[in-house]
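Novice: Here it is, the structure, as structure tokens.
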Amino acid sequence: MDLALISTPFLLSLKTISVSAILFIFIGIPIAYLLAKKNLKFKWLLNTIVTLPLIFPPIAVGFFLLLILGRNGFIGKFFYEFDISLIFSFSGIVIAAFIAGLPLMVKPLQASIELFPSAIKEASYISGKSEIKTFIFVVLPNIKNTLIVALLISTARALGEVGITLMLGGNIIGKTDTISLAIYNAVFDGDYNLAMILSGILVFISVLFFIALNFFEKRKNV
């Protein structure tokens, strides 16, 4: 068996979830912070956009994103002017993974931020810290276990994403076929041995995520 059939989608998936995890931290956390604000203008709209991937079928979400990010889409058209392709490329599968996992990153964090004791925040304000500094240096350190759990769950979801990835990545063999899509391709081609090996790798990674989740869930409840 050609090892490239295993290593290529495996490494691509690791690269994808690594970039997605960074995006979850630098985009997901600010979104959770905004949604936790009671008087945020158009909060319902932001909340709808974030939650949509949990409600809509992934393949439908992928189709709408394809229309938006494609060559003729209002976002994709702008990037194409700079010769940047957001679909059928690594960018496409990263966007797919990020969109799929974002609700699972944002919603638990939002709940933890909303439930954080207001007395502690008030004490921070009185000591001279701004609202942003209070969030970064007081709130986040105290909900770090929730943050880690949310990050693990969202990253695990990104790893197993198929529907949105299929639409935005195009399932190009050797280029955009993540390990989940490689399993689909192997089954479609009748190569059950390859599908079994890839599935075993995915199960092993999932077990690692599960162990880490249990560890941080216990720490969160202590």
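By order in the structure tokens, chains are A, B, ...; within a chain, residues start at 1; ligands start at 1, following the order shown.
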Please identify all polymer residues within 7 Å of segment 112-115 of chain A, counting only C-alpha atoms, omitting same-chain residues fewer than 4 positions from it, and present them as a list in words.
Specialist: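 The neighbour list is Ala36, Pro108 and Ile143 of chain A.
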Novice: Got a sec: who's within 9 Å of Val94 of chain A, counting only C-alpha atoms, leaving out chain neighbours fewer than 3 positions off, as a list of chain:residue names?
Specialist: A:Lys15, A:Thr16, A:Ile17, A:Val19, A:Ser20, A:Ser89, A:Phe90, A:Ser91, A:Ala97, A:Phe98, A:Ile99, A:Ala158, A:Thr165, A:Gly169
Novice: Rounded to one decimal place, report the atom CA of Ala212 of chain A-atom CA of Arg157 of chain A distance in Å.
Specialist: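 Atom CA of Arg157 of chain A lies 14.5 Å from atom CA of Ala212 of chain A.
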Novice: I'd like the neighbourhood of Pro57 of chain A as a ChimeraX atom specification, where a residue qualifies if any of its atoms comes within 10 Å (using only C-alpha atoms), though same-chain residues fewer than 4 positions away should be ignored.
Specialist: /A:52-53,61-62,163-164
Novice: Just want the 9 Å neighbourhood of Asn171 of chain A, counted on only C-alpha atoms, with same-chain residues fewer than 5 positions away dropped. Output as JSON, numbers by chain.
Specialist: {"A": [88, 165, 166, 176, 177, 178, 181, 182, 185]}
Novice: At what distance in Å, to one decimal, does atom CA of Ala96 of chain A lie from atom CA of Phe63 of chain A?
Specialist: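 Going from atom CA of Phe63 of chain A over to atom CA of Ala96 of chain A, I get 11.0 Å.
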Novice: What residues in segment 3-222 of chain A get the DSSP label alpha helix (DSSP H)? Please answer as an MDAnalysis selection string.
Specialist: chainID A and resid 4:23 29:35 43:55 58:69 76:80 90:115 118:126 131:134 140:142 144:159 163:169 179:188 192:221
Novice: As an exercise, work out the distance from atom CA of Phe64 of chain A to atom CA of Lys77 of chain A in Å and give it to one decimal place.
Specialist: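 We find that atom CA of Phe64 of chain A and atom CA of Lys77 of chain A lie 14.8 Å from each other.
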Novice: Tell me which of A:Lys218, A:Ile148, A:Ile197, A:Ala21 sits closest to Ser7 of chain A, counting only C-alpha atoms.
Specialist: A:Ile197
Novice: Using only C-alpha atoms, which residue out of A:Leu35, A:Val162, A:Leu109, A:Leu69 lies closest to Thr48 of chain A?
Specialist: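 That would be A:Leu35, the residue with the smallest distance to Thr48 of chain A.
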Novice: Which residue gives the smallest distance to Ala186 of chain A among A:Leu198, A:Ile27, A:Ile205, A:Ile172, with only C-alpha atoms counted?
Specialist: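 Closest residue, counting only C-alpha atoms: A:Leu198.
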Novice: Neighbouring residues of Glu217 of chain A were defined as those with any atom within 12 Å, considering only C-alpha atoms; residues of the same chain fewer than 6 positions away were excluded. Please report them as an mmCIF file with N, CA and C atoms, in the first residue's frame.
Specialist:
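New file result.cif:
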```
data_model
loop_
_atom_site.group_PDB
_atom_site.id
_atom_site.type_symbol
_atom_site.label_atom_id
_atom_site.label_comp_id
_atom_site.auth_asym_id
_atom_site.auth_seq_id
_atom_site.Cartn_x
_atom_site.Cartn_y
_atom_site.Cartn_z
ATOM 1 N N ILE A 143 -11.619 31.070 33.831
ATOM 2 C CA ILE A 143 -12.445 30.112 33.072
ATOM 3 C C ILE A 143 -11.581 29.344 32.071
ATOM 4 N N LYS A 144 -10.288 29.231 32.406
ATOM 5 C CA LYS A 144 -9.355 28.618 31.452
ATOM 6 C C LYS A 144 -9.696 27.162 31.146
ATOM 7 N N ASN A 145 -10.228 26.429 32.134
ATOM 8 C CA ASN A 145 -10.590 25.033 31.882
ATOM 9 C C ASN A 145 -11.759 24.929 30.901
ATOM 10 N N THR A 146 -12.726 25.832 31.038
ATOM 11 C CA THR A 146 -13.826 25.881 30.070
ATOM 12 C C THR A 146 -13.305 26.231 28.692
ATOM 13 N N LEU A 147 -12.363 27.153 28.641
ATOM 14 C CA LEU A 147 -11.745 27.555 27.372
ATOM 15 C C LEU A 147 -11.050 26.367 26.703
ATOM 16 N N ILE A 148 -10.301 25.601 27.491
ATOM 17 C CA ILE A 148 -9.583 24.455 26.933
ATOM 18 C C ILE A 148 -10.551 23.385 26.457
ATOM 19 N N VAL A 149 -11.596 23.131 27.256
ATOM 20 C CA VAL A 149 -12.596 22.129 26.868
ATOM 21 C C VAL A 149 -13.295 22.545 25.571
ATOM 22 N N ALA A 150 -13.684 23.813 25.486
ATOM 23 C CA ALA A 150 -14.337 24.321 24.273
ATOM 24 C C ALA A 150 -13.408 24.211 23.068
ATOM 25 N N LEU A 152 -10.946 22.044 22.669
ATOM 26 C CA LEU A 152 -10.815 20.626 22.316
ATOM 27 C C LEU A 152 -12.029 20.126 21.543
ATOM 28 N N ILE A 153 -13.222 20.490 22.014
ATOM 29 C CA ILE A 153 -14.446 20.033 21.348
ATOM 30 C C ILE A 153 -14.554 20.607 19.940
ATOM 31 N N PHE A 209 -8.485 12.961 22.145
ATOM 32 C CA PHE A 209 -9.321 14.126 22.448
ATOM 33 C C PHE A 209 -10.238 13.819 23.629
ATOM 34 N N PHE A 210 -10.806 12.611 23.632
ATOM 35 C CA PHE A 210 -11.747 12.212 24.686
ATOM 36 C C PHE A 210 -11.054 12.167 26.049
ATOM 37 N N ILE A 211 -9.847 11.623 26.087
ATOM 38 C CA ILE A 211 -9.080 11.563 27.331
ATOM 39 C C ILE A 211 -8.775 12.971 27.843
#
```
